[in-house]
Structures are given as structure tokens and as C-alpha cells.
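Colleague: I have a structure here, written as C-alpha cells, and I will follow up with some questions on it.
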Amino acid sequence: MGRNLLRAAVAAATTIASIVASGGAASAEDPIGDWKRAHDSDPHVRLTGQDILALQAKQDAAKVRSLKRMQNARTAGAEYLQNNLSAIHQAQQTSYWCGPAALVISLLNRNISMTQATAATLMKTTQSAGTAWSGVNATVPSPTGYPMRDVYNYKLGYTEYFPLALPYSPTSADVTSFKYNLMDDIDRGFPVMGNAYEIVGGPHLPGHPNMLIFHWVNIRGYSYSATQTNISDPAASPHVSWGANVPKFSSVDTAKMVRVMGGRGYVF
């Protein structure tokens with residue numbers, strides 16, 4: 001790609017990413033998305049041009065591989081596809097350590113060990129703010145302002161993960177893209193980390209009360225050709241006031257899962 005074309009591609013991708021990160025224009029048809037947009041305090045840090053291009057390349061490859069696998073399954077007469085990483089759970093060790101716990105579970109999916117305390121320190125998790133979606137530089141070399149992404153890549157030793165911001169009102173295209181990304185990561189042996197933004201009156205994860213909740217979960221697999229998303233939830237913990245009602249492992253309708261993450265996103 002020539003230098004001018006590269007600059008143009010980066011500029012266009014940056015504009016698109018900015019619109020997506022900010023949730024786009026308000027929609028009178030989605031009061032949940034509008035409420036999130038009006039009350040959100042996350043800075044939604046912009047990715048670098050290099051990261052935007054790498055993220056797009058990863059999504060393109062994920063779509064190609066997932067569509068090919070689905071076609072092969074149909075040819076073989078399979079009704080559905082499903083795949084799950086090991087069922088690993090850790091209860092978050094404080095009321096605000098969902099991020100560290102989700103990171104530790106996800107690292108264990110790759111046979112990498114870390115304590116929640118170390119994860120909390122590296123991601124600069126705080127009691128008042130928990131683990132940020134963006135806007136916090138993790139204590140790792142060359143942080144990007146996305147602590148979950150940065151610490152996971154640091155422990156892997158290479159750049160595998162990217163944050164993908166979802167609009168406040170996710171569309172069917174966002175759901176389809178998530179399916180491809182989820183299937184491809186799981187099929188290659190990599191978990192996904194989802195950042196929930198749950199509000200009163202909006203969709204919630206299994207066992208979560210009808211209240212404002214910011215929460216990280218480990219996404220460990222998919223069922224029924226990714227129409228169901230399978231998670232390991234750190235909130236199933238005695239340190240969470242409502243944790244007794246939360247299942248350690250659950251299956252969530254994928255369209256609902258994407259709506260729950262609207263206004264935040266996922267790291268894949």
C-alpha cells in the first residue's frame with residue numbers, strides 16, 4: 001500500500017472508530033442506549049492508526065475462517081457448531097475485582113498463571129472505579145490505555161488482543177461481527193473478555209440484579225453456531241452482595257450479550 005493510500009486508510013478508519021467508540025448519533029428508538037450515552041464517563045480512548053488497521057485485519061480474517069468452518073459444517077451435515085475452552089472459574093476476591101478475576105481466568109485458558117492481586121496492580125484497578133474499559137495505562141511496557149488488553153498481551157509476550165468498542169445501541173451487524181470474532185478466537189484457543197454495561201431496565205447477565213453494573217466476564221465459548229455465548233462470571237462470589245444468585249457458568253443469548261456490552265465492548 002502506498003504512503004498516501006495508507007494515510008487515507010488510517011484517517012478513514014480513525015473516523016469510523018471514533019464514531020463507533022462514541023456510540024454514534026442518538027436514537028429515539030433505544031432509550032437504553034441513549035441513557036448509557038448520556039451518563040457514560042469512560043473516555044473511550046482512540047486506538048492508534050496501526051492498531052485500527054491491525055484490528056480490522058484480525059476481524060477480516062476471523063470472518064473468513066468462521067464462514068469457512070460454518071460452510072464445512074453444513075457440507076458435513078452438522079446442524080450446529082459449538083466449541084468451549086476449559087470451564088475455569090475464579091470468584092472475584094473483592095467486590096470490585098471482577099476485572100482481575102476475569103483476566104486470571106482468561107490467562108488460565110492459555111495455561112498462564114497470575115494472582116488476582118497482581119492483575120489488580122498491573123491494571124490499576126481501584127475500589128472506586130474497578131477496572132477501566134479505557135483511559136488507564138496499565139503498568140506494562142508501552143500501554144495503550146486499555147488495561148485488560150495491555151496486561152493480557154504483556155503476559156502472552158506478543159500482540160494478540162485488541163479492544164473492540166461497541167456502540168451504545170449495537171446493531172445486528174455488531175452481533176454478526178461478534179459471532180465471527182468469538183468463534184474464531186475460541187476455535188484458535190483464545191478466550192474473549194467482555195465488559196458489561198448494565199443499567200436499570202436494560203438487559204442483564206444471568207443472576208445480576210436490576211441495577212447499574214459495570215462488570216468484566218470471561219467468555220469461554222459458544223453454542224448453536226454462536227447464537228449462544230458461554231461465560232464464566234467472577235461475580236459468583238461471596239464478596240459480591242448479590243453474588244449468591246449468579247451462576248459460575250452460564251449461556252447467554254448472543255444478541256443479548258452484545259447489548260449488555262453496548263457502550264463498552266470486548267477484548268479479543
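Identifiers in this document derive from the order of the C-alpha cells: chains are assigned A, B, ..., residues are numbered from 1 separately in each chain, and ligands are numbered from 1 in order of occurrence.
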Per DSSP on the backbone, filter range 34-242 of chain A down to the residues in strand (DSSP E or B) and report them as a ChimeraX atom specification.

Modeller: /A:83-84,126,130,163-165,192-198,213-223,228-232

Colleague: Keeping only N, CA and C atoms, write the selected residues as a PDB file, in the first residue's frame.

Modeller:
```
ATOM      1  N   ASN A  83     -18.151 -24.830  20.515  1.00  0.00           N
ATOM      2  CA  ASN A  83     -16.781 -25.017  20.979  1.00  0.00           C
ATOM      3  C   ASN A  83     -16.613 -24.230  22.272  1.00  0.00           C
ATOM      4  N   ASN A  84     -15.947 -24.839  23.236  1.00  0.00           N
ATOM      5  CA  ASN A  84     -15.726 -24.195  24.519  1.00  0.00           C
ATOM      6  C   ASN A  84     -14.319 -24.476  25.019  1.00  0.00           C
ATOM      7  N   THR A 126      -9.121  -0.018  40.934  1.00  0.00           N
ATOM      8  CA  THR A 126      -9.369   0.717  42.174  1.00  0.00           C
ATOM      9  C   THR A 126     -10.758   0.409  42.717  1.00  0.00           C
ATOM     10  N   GLY A 130     -13.048   0.337  39.784  1.00  0.00           N
ATOM     11  CA  GLY A 130     -12.876  -1.010  39.259  1.00  0.00           C
ATOM     12  C   GLY A 130     -11.774  -1.053  38.212  1.00  0.00           C
ATOM     13  N   PRO A 163      -8.964  -4.255  21.714  1.00  0.00           N
ATOM     14  CA  PRO A 163     -10.285  -3.889  22.232  1.00  0.00           C
ATOM     15  C   PRO A 163     -11.197  -3.498  21.082  1.00  0.00           C
ATOM     16  N   LEU A 164     -12.417  -4.000  21.103  1.00  0.00           N
ATOM     17  CA  LEU A 164     -13.373  -3.626  20.076  1.00  0.00           C
ATOM     18  C   LEU A 164     -14.547  -2.938  20.767  1.00  0.00           C
ATOM     19  N   ALA A 165     -14.632  -1.621  20.588  1.00  0.00           N
ATOM     20  CA  ALA A 165     -15.702  -0.838  21.208  1.00  0.00           C
ATOM     21  C   ALA A 165     -17.020  -1.086  20.498  1.00  0.00           C
ATOM     22  N   VAL A 192     -12.216 -14.713  25.221  1.00  0.00           N
ATOM     23  CA  VAL A 192     -12.585 -13.322  24.988  1.00  0.00           C
ATOM     24  C   VAL A 192     -12.951 -12.715  26.335  1.00  0.00           C
ATOM     25  N   MET A 193     -12.625 -11.441  26.550  1.00  0.00           N
ATOM     26  CA  MET A 193     -13.001 -10.751  27.775  1.00  0.00           C
ATOM     27  C   MET A 193     -14.074  -9.719  27.451  1.00  0.00           C
ATOM     28  N   GLY A 194     -15.233  -9.860  28.079  1.00  0.00           N
ATOM     29  CA  GLY A 194     -16.348  -8.963  27.808  1.00  0.00           C
ATOM     30  C   GLY A 194     -16.555  -7.970  28.933  1.00  0.00           C
ATOM     31  N   ASN A 195     -16.832  -6.717  28.558  1.00  0.00           N
ATOM     32  CA  ASN A 195     -17.061  -5.663  29.536  1.00  0.00           C
ATOM     33  C   ASN A 195     -18.534  -5.243  29.480  1.00  0.00           C
ATOM     34  N   ALA A 196     -19.292  -5.616  30.501  1.00  0.00           N
ATOM     35  CA  ALA A 196     -20.722  -5.345  30.548  1.00  0.00           C
ATOM     36  C   ALA A 196     -20.999  -3.936  31.065  1.00  0.00           C
ATOM     37  N   TYR A 197     -22.030  -3.312  30.500  1.00  0.00           N
ATOM     38  CA  TYR A 197     -22.528  -2.008  30.941  1.00  0.00           C
ATOM     39  C   TYR A 197     -24.029  -2.203  31.101  1.00  0.00           C
ATOM     40  N   GLU A 198     -24.444  -2.580  32.320  1.00  0.00           N
ATOM     41  CA  GLU A 198     -25.837  -2.913  32.599  1.00  0.00           C
ATOM     42  C   GLU A 198     -26.510  -1.749  33.336  1.00  0.00           C
ATOM     43  N   ILE A 213     -24.527  -1.671  36.719  1.00  0.00           N
ATOM     44  CA  ILE A 213     -23.397  -2.560  36.972  1.00  0.00           C
ATOM     45  C   ILE A 213     -22.397  -2.433  35.825  1.00  0.00           C
ATOM     46  N   PHE A 214     -21.148  -2.199  36.166  1.00  0.00           N
ATOM     47  CA  PHE A 214     -20.041  -2.318  35.215  1.00  0.00           C
ATOM     48  C   PHE A 214     -19.290  -3.583  35.595  1.00  0.00           C
ATOM     49  N   HIS A 215     -19.054  -4.474  34.630  1.00  0.00           N
ATOM     50  CA  HIS A 215     -18.582  -5.803  35.031  1.00  0.00           C
ATOM     51  C   HIS A 215     -17.810  -6.491  33.905  1.00  0.00           C
ATOM     52  N   TRP A 216     -16.703  -7.131  34.279  1.00  0.00           N
ATOM     53  CA  TRP A 216     -15.919  -7.934  33.343  1.00  0.00           C
ATOM     54  C   TRP A 216     -16.239  -9.413  33.514  1.00  0.00           C
ATOM     55  N   VAL A 217     -16.335 -10.135  32.402  1.00  0.00           N
ATOM     56  CA  VAL A 217     -16.510 -11.586  32.438  1.00  0.00           C
ATOM     57  C   VAL A 217     -15.549 -12.254  31.463  1.00  0.00           C
ATOM     58  N   ASN A 218     -15.279 -13.504  31.739  1.00  0.00           N
ATOM     59  CA  ASN A 218     -14.539 -14.357  30.812  1.00  0.00           C
ATOM     60  C   ASN A 218     -15.539 -15.004  29.856  1.00  0.00           C
ATOM     61  N   ILE A 219     -15.300 -14.872  28.554  1.00  0.00           N
ATOM     62  CA  ILE A 219     -16.145 -15.517  27.549  1.00  0.00           C
ATOM     63  C   ILE A 219     -15.381 -16.727  27.031  1.00  0.00           C
ATOM     64  N   ARG A 220     -15.881 -17.905  27.372  1.00  0.00           N
ATOM     65  CA  ARG A 220     -15.122 -19.139  27.179  1.00  0.00           C
ATOM     66  C   ARG A 220     -15.579 -19.992  26.006  1.00  0.00           C
ATOM     67  N   GLY A 221     -16.685 -19.611  25.346  1.00  0.00           N
ATOM     68  CA  GLY A 221     -17.114 -20.455  24.247  1.00  0.00           C
ATOM     69  C   GLY A 221     -18.435 -20.021  23.644  1.00  0.00           C
ATOM     70  N   TYR A 222     -18.927 -20.879  22.751  1.00  0.00           N
ATOM     71  CA  TYR A 222     -20.184 -20.600  22.067  1.00  0.00           C
ATOM     72  C   TYR A 222     -20.913 -21.898  21.774  1.00  0.00           C
ATOM     73  N   SER A 223     -22.223 -21.798  21.598  1.00  0.00           N
ATOM     74  CA  SER A 223     -23.064 -22.948  21.269  1.00  0.00           C
ATOM     75  C   SER A 223     -24.044 -22.559  20.173  1.00  0.00           C
ATOM     76  N   GLN A 228     -25.554 -18.628  21.006  1.00  0.00           N
ATOM     77  CA  GLN A 228     -25.414 -18.592  22.458  1.00  0.00           C
ATOM     78  C   GLN A 228     -23.948 -18.358  22.806  1.00  0.00           C
ATOM     79  N   THR A 229     -23.717 -17.478  23.766  1.00  0.00           N
ATOM     80  CA  THR A 229     -22.375 -17.147  24.241  1.00  0.00           C
ATOM     81  C   THR A 229     -22.201 -17.714  25.646  1.00  0.00           C
ATOM     82  N   ASN A 230     -21.124 -18.425  25.868  1.00  0.00           N
ATOM     83  CA  ASN A 230     -20.906 -19.103  27.148  1.00  0.00           C
ATOM     84  C   ASN A 230     -19.854 -18.364  27.967  1.00  0.00           C
ATOM     85  N   ILE A 231     -20.211 -18.041  29.214  1.00  0.00           N
ATOM     86  CA  ILE A 231     -19.343 -17.201  30.039  1.00  0.00           C
ATOM     87  C   ILE A 231     -19.008 -17.855  31.369  1.00  0.00           C
ATOM     88  N   SER A 232     -17.913 -17.401  31.947  1.00  0.00           N
ATOM     89  CA  SER A 232     -17.542 -17.693  33.329  1.00  0.00           C
ATOM     90  C   SER A 232     -17.591 -16.358  34.062  1.00  0.00           C
TER      91      SER A 232
END
```

Colleague: Would you list the contacts of range 93-95 of chain A as a ChimeraX atom specification, taking every protein, DNA or RNA residue within 12 Å and counting only C-alpha atoms, but skipping same-chain residues closer than 2 positions in sequence?

Modeller: /A:90-91,97-102,104,115-117,119-120,125-131,213-215,234-243

Colleague: Restricted to C-alpha atoms, what would the selected residues look like written as a compact mmCIF listing (two decimals), in the first residue's frame?

Modeller:
```txt
# COMPACT_ATOMS: atom_id res chain seq x y z
CA GLN A 90 -12.47 -17.87 39.96
CA ALA A 91 -14.65 -15.88 42.30
CA TRP A 97 -12.03 -7.22 41.34
CA CYS A 98 -14.19 -8.59 38.52
CA GLY A 99 -11.56 -7.36 36.05
CA PRO A 100 -8.62 -9.08 37.73
CA ALA A 101 -10.63 -12.28 38.15
CA ALA A 102 -11.77 -12.27 34.51
CA VAL A 104 -6.86 -14.52 35.61
CA THR A 115 -2.89 -13.89 41.03
CA GLN A 116 -5.84 -11.53 41.18
CA ALA A 117 -3.79 -9.21 43.37
CA ALA A 119 -3.63 -8.45 37.98
CA ALA A 120 -5.28 -5.69 40.00
CA THR A 125 -7.87 -1.50 39.47
CA THR A 126 -9.37 0.72 42.17
CA GLN A 127 -12.21 0.38 44.63
CA SER A 128 -13.93 3.48 43.26
CA ALA A 129 -13.58 2.72 39.55
CA GLY A 130 -12.88 -1.01 39.26
CA THR A 131 -11.02 -1.99 36.10
CA ILE A 213 -23.40 -2.56 36.97
CA PHE A 214 -20.04 -2.32 35.22
CA HIS A 215 -18.58 -5.80 35.03
CA PRO A 234 -16.45 -13.81 38.57
CA ALA A 235 -19.47 -12.25 40.32
CA ALA A 236 -20.42 -15.72 41.59
CA SER A 237 -18.54 -14.71 44.70
CA PRO A 238 -19.20 -14.23 48.44
CA HIS A 239 -17.53 -10.83 48.08
CA VAL A 240 -20.35 -9.58 45.85
CA SER A 241 -23.53 -8.68 47.74
CA TRP A 242 -25.73 -10.33 45.09
CA GLY A 243 -23.20 -12.98 44.07
```

Colleague: What's around range 58-68 of chain A at 10 Å? Count only C-alpha atoms, leave out sequence neighbours fewer than 6 positions away in its own chain, and write the answer as an MDAnalysis selection string.

Modeller: chainID A and resid 52 74 160:162 164 176:185 187 225 268

Colleague: May I have the selected residues written with N, CA and C atoms, as a compact mmCIF listing (two decimals), in the first residue's frame?

Modeller:
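Here's the written file out12.txt:
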```
# COMPACT_ATOMS: atom_id res chain seq x y z
N ILE A 52 -5.75 0.26 14.63
CA ILE A 52 -7.01 0.21 13.88
C ILE A 52 -6.88 -0.71 12.67
N ARG A 74 -21.85 -27.37 7.37
CA ARG A 74 -23.08 -27.63 6.60
C ARG A 74 -22.85 -28.74 5.58
N GLU A 160 -1.77 -10.14 20.55
CA GLU A 160 -2.84 -10.97 20.02
C GLU A 160 -4.19 -10.28 20.17
N TYR A 161 -4.33 -9.53 21.26
CA TYR A 161 -5.64 -8.98 21.63
C TYR A 161 -5.79 -7.50 21.27
N PHE A 162 -7.03 -7.16 20.90
CA PHE A 162 -7.41 -5.79 20.61
C PHE A 162 -8.75 -5.49 21.27
N LEU A 164 -12.42 -4.00 21.10
CA LEU A 164 -13.37 -3.63 20.08
C LEU A 164 -14.55 -2.94 20.77
N THR A 176 -23.42 -9.89 14.45
CA THR A 176 -22.81 -10.81 13.49
C THR A 176 -21.29 -10.76 13.59
N SER A 177 -20.74 -9.56 13.67
CA SER A 177 -19.29 -9.41 13.79
C SER A 177 -18.78 -10.08 15.07
N PHE A 178 -19.51 -9.90 16.17
CA PHE A 178 -19.11 -10.54 17.42
C PHE A 178 -19.11 -12.06 17.28
N LYS A 179 -20.09 -12.61 16.60
CA LYS A 179 -20.15 -14.06 16.39
C LYS A 179 -18.90 -14.56 15.68
N TYR A 180 -18.53 -13.88 14.59
CA TYR A 180 -17.34 -14.30 13.85
C TYR A 180 -16.09 -14.19 14.72
N ASN A 181 -15.96 -13.08 15.44
CA ASN A 181 -14.78 -12.86 16.28
C ASN A 181 -14.72 -13.88 17.41
N LEU A 182 -15.87 -14.14 18.02
CA LEU A 182 -15.93 -15.12 19.11
C LEU A 182 -15.57 -16.51 18.63
N MET A 183 -16.21 -16.95 17.55
CA MET A 183 -15.95 -18.29 17.03
C MET A 183 -14.47 -18.46 16.68
N ASP A 184 -13.90 -17.48 16.03
CA ASP A 184 -12.52 -17.60 15.59
C ASP A 184 -11.55 -17.64 16.76
N ASP A 185 -11.76 -16.75 17.75
CA ASP A 185 -10.86 -16.77 18.91
C ASP A 185 -10.96 -18.09 19.65
N ASP A 187 -12.04 -21.00 18.58
CA ASP A 187 -11.53 -22.11 17.75
C ASP A 187 -10.01 -22.14 17.71
N SER A 225 -23.96 -22.58 16.90
CA SER A 225 -23.37 -21.72 15.87
C SER A 225 -23.29 -20.27 16.33
N PHE A 268 -10.62 -9.12 22.29
CA PHE A 268 -10.50 -10.42 21.61
C PHE A 268 -9.23 -10.47 20.77
```

Colleague: Where in range 41-175 of chain A does DSSP assign alpha helix (DSSP H), given as a PyMOL selection string?

Modeller: chain A and resi 49-75+98-108+116-123+147-156+172-175

Colleague: Near range 145-157 of chain A, counting only C-alpha atoms, which residues have an atom at most 7 Å away, once you skip same-chain residues fewer than 2 positions from it, shown as number ranges by chain?

Modeller: A: 45, 122-123, 132-138, 140, 143, 159-163, 267

Colleague: Keeping only C-alpha atoms, write the selected residues to a file as a PDB file, in the first residue's frame.

Modeller:
```
ATOM      1  CA  VAL A  45      -9.514   6.235  24.144  1.00  0.00           C
ATOM      2  CA  LEU A 122      -0.944  -4.181  36.835  1.00  0.00           C
ATOM      3  CA  MET A 123      -4.332  -2.961  35.593  1.00  0.00           C
ATOM      4  CA  ALA A 132     -11.435   0.574  33.345  1.00  0.00           C
ATOM      5  CA  TRP A 133     -12.548  -0.209  29.824  1.00  0.00           C
ATOM      6  CA  SER A 134     -10.171   2.531  28.680  1.00  0.00           C
ATOM      7  CA  GLY A 135      -8.324   5.582  29.924  1.00  0.00           C
ATOM      8  CA  VAL A 136      -5.935   3.849  32.309  1.00  0.00           C
ATOM      9  CA  ASN A 137      -2.364   2.962  31.383  1.00  0.00           C
ATOM     10  CA  ALA A 138      -1.529  -0.439  32.814  1.00  0.00           C
ATOM     11  CA  VAL A 140       3.356  -2.684  31.452  1.00  0.00           C
ATOM     12  CA  PRO A 143       0.496   0.739  27.395  1.00  0.00           C
ATOM     13  CA  THR A 159       0.132  -8.692  20.487  1.00  0.00           C
ATOM     14  CA  GLU A 160      -2.842 -10.970  20.022  1.00  0.00           C
ATOM     15  CA  TYR A 161      -5.638  -8.977  21.630  1.00  0.00           C
ATOM     16  CA  PHE A 162      -7.406  -5.785  20.607  1.00  0.00           C
ATOM     17  CA  PRO A 163     -10.285  -3.889  22.232  1.00  0.00           C
ATOM     18  CA  VAL A 267     -11.234  -7.666  24.128  1.00  0.00           C
TER      19      VAL A 267
END
```

Colleague: In Å, rounded to a single decimal, give me how far CA of Gln82 in chain A is from CA of Phe249 in chain A.

Modeller: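 Interatomic distance, CA of Phe249 in chain A to CA of Gln82 in chain A: 15.7 Å.
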
Colleague: So which one's closest to Val260 in chain A, A:Ala226, A:Ala173, A:Leu166, A:Ala244? Using only C-alpha atoms, please.

Modeller: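 Ranking A:Ala226, A:Ala173, A:Leu166, A:Ala244 by distance to Val260 in chain A, first place goes to A:Leu166.
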
Colleague: Give me the residues within 8 Å of Val200 in chain A as a PDB file with N, CA and C atoms, in the first residue's frame, counting only C-alpha atoms and dropping any in the same chain fewer than 5 places off.

Modeller:
```
ATOM      1  N   ASN A 210     -31.322  -5.892  38.872  1.00  0.00           N
ATOM      2  CA  ASN A 210     -31.718  -4.784  38.006  1.00  0.00           C
ATOM      3  C   ASN A 210     -31.179  -3.473  38.574  1.00  0.00           C
ATOM      4  N   MET A 211     -29.886  -3.243  38.340  1.00  0.00           N
ATOM      5  CA  MET A 211     -29.223  -2.045  38.847  1.00  0.00           C
ATOM      6  C   MET A 211     -28.070  -1.694  37.911  1.00  0.00           C
ATOM      7  N   LEU A 212     -27.465  -0.536  38.128  1.00  0.00           N
ATOM      8  CA  LEU A 212     -26.316  -0.128  37.318  1.00  0.00           C
ATOM      9  C   LEU A 212     -25.101  -0.964  37.700  1.00  0.00           C
TER      10      LEU A 212
END
```

Colleague: To one decimal in Å, tell me the separation between CA of Tyr80 in chain A and CA of Arg264 in chain A.

Modeller: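 Atom-to-atom, CA of Tyr80 in chain A and CA of Arg264 in chain A are spaced 29.1 Å apart.
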
Colleague: Out of A:Thr227, A:Gln50, A:Ser169, A:Asn72, which residue has the shortest atom-to-atom distance to Asp30 in chain A when counting only C-alpha atoms?

Modeller: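 Checking each candidate against Asp30 in chain A, we get A:Ser169 as the closest.
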
Colleague: Please report the interatomic distance between CA of Pro191 in chain A and CA of Ser41 in chain A in Å with one decimal.

Modeller: 27.1 Å
